[in-house]
Amino acid sequence: GLSSYARTQAASTSLLAMATLSPLMKARVDLAAVYRLLDKMHLNEGICNHLTALVPGTTDRFLVIRYGLLWSEVTASNLVLVDATGTIIEGEGPVETTAFEIHKAIHLADPVKYQCVLHTHMPYMTTLCCIEPFELKMVHQNSCRFFNDVAYDPVFNGLVLDDKEGERLAKVMDGKSVLMHRSHGVIVCGKSIASAFDDLYYLERAAQVQVMALSTGAQMALVDPETAKHVKGQMDGGKEEWAALHLEALKRQLARDDPEWPGLN
């Protein structure tokens with residue numbers, strides 16, 4: 001196998017090549033990286049769940065996984081580019097119906113704030129979607145990151161197979177960055193792929209702390225609303241920069257682990 005030095009050099013060469021990519025190809029690389037990373041973190045389910053990102057400069061075209069692929073198989077080049085009518089513009093389908101209906105509606109609801117839409121059934125957040133009270137509690141620094149930025153949908157109508165249910169979910173989000181959907185899972189949105197990924201990562205960490213705290217049987221020590229709001233303000237000030245650095249660091253790890261990453265061909 002490659003030595004550590006050789007892997008690092010290969011990763012550096014790969015990242016240098018990515019620096020000259022078009023905005024569309026960079027979006028492909030970043031979204032493919034998020035698929036790969038969440039797979040490594042075991043935050044996906046089989047060939048289900050879906051992550052999308054708008055094509056830069058558009059409001060109705062987005063990248064999504066081809067249905068049937070494992071997240072570990074996603075590359076920059078095999079992501080499917082689809083428009084709001086369901087027409088495949090680049091790549092080979094099919095695109096899962098639930099992925100299309102949920103993500104289309106949310107992207108269209110606010111193409112600026114919802115540039116990237118990530119839907120998973122990640123374990124700890126999904127656990128919180130299945131208990132009462134149905135709430136992300138302000139119990140930890142990571143929780144405060146989402147103060148007053150979580151929407152709650154107590155209605156579970158089964159699989160999202162039509163545009164009406166997708167539009168209903170988008171309406172329930174009402175400008176929030178996170179949606180907790182009863183008996184289903186979570187949707188996390190961001191102004192960039194990096195910021196959406198960063199939020200999803202820390203949201204699951206916050207949920208893990210809450211579930212572990214609940215498991216002790218002791219009363220949770222809640223952060224007061226004023227402090228939680230202050231912490232969120234502190235985090236919002238640097239979040240985009242920190243998120244970009246976080247994703248770039250993890251992309252370097254992907255490049256070290258896989259000499260063929262990011263699969264531009």
# chains A, B, ... in the order shown; residues from 1 in each chain; ligands from 1
$ residues_around --residues "Ile102 (chain A)" --least-positions-apart "3" --cutoff "9 Å" --atoms "only C-alpha atoms" --output "PyMOL selection string"
chain A and resi 97-99+105-107+119+160-163+165-167+169-170
$ residues_around --residues "Ile47 (chain A)" --least-positions-apart "4" --cutoff "9 Å" --atoms "only C-alpha atoms" --output "tab-separated table (two decimals) with all heavy atoms, in the first residue's frame"
chain	number	residue	atom	x	y	z
A	67	TYR	N	-30.50	6.79	-7.44
A	67	TYR	CA	-31.10	5.80	-6.54
A	67	TYR	C	-30.52	4.41	-6.81
A	67	TYR	O	-30.41	3.97	-7.95
A	67	TYR	CB	-32.62	5.77	-6.71
A	67	TYR	CG	-33.29	4.87	-5.71
A	67	TYR	CD1	-33.13	5.09	-4.34
A	67	TYR	CD2	-34.04	3.78	-6.12
A	67	TYR	CE1	-33.71	4.26	-3.40
A	67	TYR	CE2	-34.64	2.93	-5.18
A	67	TYR	CZ	-34.46	3.19	-3.83
A	67	TYR	OH	-35.04	2.36	-2.89
A	68	GLY	N	-30.16	3.73	-5.74
A	68	GLY	CA	-29.57	2.41	-5.84
A	68	GLY	C	-28.11	2.36	-5.46
A	68	GLY	O	-27.58	1.29	-5.17
A	69	LEU	N	-27.46	3.53	-5.43
A	69	LEU	CA	-26.05	3.59	-5.03
A	69	LEU	C	-25.93	3.63	-3.52
A	69	LEU	O	-26.72	4.26	-2.82
A	69	LEU	CB	-25.37	4.83	-5.60
A	69	LEU	CG	-25.10	4.91	-7.11
A	69	LEU	CD1	-24.37	6.20	-7.42
A	69	LEU	CD2	-24.31	3.70	-7.59
A	70	LEU	N	-24.90	2.94	-3.01
A	70	LEU	CA	-24.50	3.17	-1.63
A	70	LEU	C	-23.86	4.54	-1.54
A	70	LEU	O	-23.27	5.03	-2.51
A	70	LEU	CB	-23.48	2.11	-1.20
A	70	LEU	CG	-23.98	0.67	-1.10
A	70	LEU	CD1	-22.80	-0.28	-0.88
A	70	LEU	CD2	-24.99	0.52	0.03
A	71	TRP	N	-23.92	5.16	-0.38
A	71	TRP	CA	-23.29	6.48	-0.24
A	71	TRP	C	-21.79	6.39	-0.42
A	71	TRP	O	-21.15	7.34	-0.86
A	71	TRP	CB	-23.64	7.08	1.12
A	71	TRP	CG	-25.06	7.59	1.19
A	71	TRP	CD1	-26.08	7.26	0.35
A	71	TRP	CD2	-25.59	8.51	2.13
A	71	TRP	NE1	-27.23	7.91	0.71
A	71	TRP	CE2	-26.96	8.68	1.81
A	71	TRP	CE3	-25.07	9.18	3.22
A	71	TRP	CZ2	-27.80	9.52	2.55
A	71	TRP	CZ3	-25.90	10.02	3.95
A	71	TRP	CH2	-27.24	10.19	3.62
$ residues_around --residues "Leu118 (chain A)" --least-positions-apart "6" --cutoff "8 Å" --atoms "only C-alpha atoms" --output "PyMOL selection string"
chain A and resi 50-52+187-189+196-197+200
$ closest_residue --among "A:Val209, A:Ala218, A:Ala109, A:Ile89" --to "Arg168 (chain A)" --atoms "only C-alpha atoms"
A:Ala109
$ closest_residue --among "A:Leu214, A:Ala244, A:Leu43, A:Leu38" --to "Ile131 (chain A)" --atoms "only C-alpha atoms"
A:Leu214
$ atom_distance --atom1 "CA of Asn44 (chain A)" --atom2 "CA of Thr127 (chain A)"
14.1 Å
$ select_by_dssp --residues "region 35-218 of chain A" --states "alpha helix (DSSP H)" --output "PyMOL selection string"
chain A and resi 35-40+97-109+123-128+141-144+163-173+193-215
$ select_by_dssp --residues "region 106-221 of chain A" --states "strand (DSSP E)" --output "list in words"
Cys116, Val117, Leu118, His119, Thr120, Val150, Ala151, Tyr152, Asp153, Val178, Leu179, Met180, His181, Gly185, Val186, Ile187, Val188, Cys189 and Gly190 of chain A
$ closest_atom_pairs --of "region 81-192 of chain A" --to "region 27-35 of chain A" --cutoff "12 Å" --atoms "only C-alpha atoms" --output "tab-separated table"
residue	atom	partner	partner_atom	distance
A:Leu81	CA	A:Arg28	CA	9.5
A:Glu90	CA	A:Arg28	CA	11.7
A:Gly91	CA	A:Arg28	CA	11.9
A:Gln115	CA	A:Ala27	CA	10.6
A:Cys116	CA	A:Leu31	CA	8.8
A:Val117	CA	A:Leu31	CA	10.4
A:Leu118	CA	A:Val34	CA	9.5
A:His119	CA	A:Tyr35	CA	11.1
A:Thr120	CA	A:Tyr35	CA	10.8
A:Ser192	CA	A:Ala27	CA	9.2
$ residues_around --residues "region 148-158 of chain A" --least-positions-apart "6" --cutoff "6 Å" --atoms "only C-alpha atoms" --output "PyMOL selection string"
chain A and resi 173+176-182
$ closest_residue --among "A:His42, A:Lys171, A:His184, A:His140" --to "Ala207 (chain A)" --atoms "only C-alpha atoms"
A:His140
$ atom_distance --atom1 "CA of Met25 (chain A)" --atom2 "CA of Leu54 (chain A)"
11.9 Å
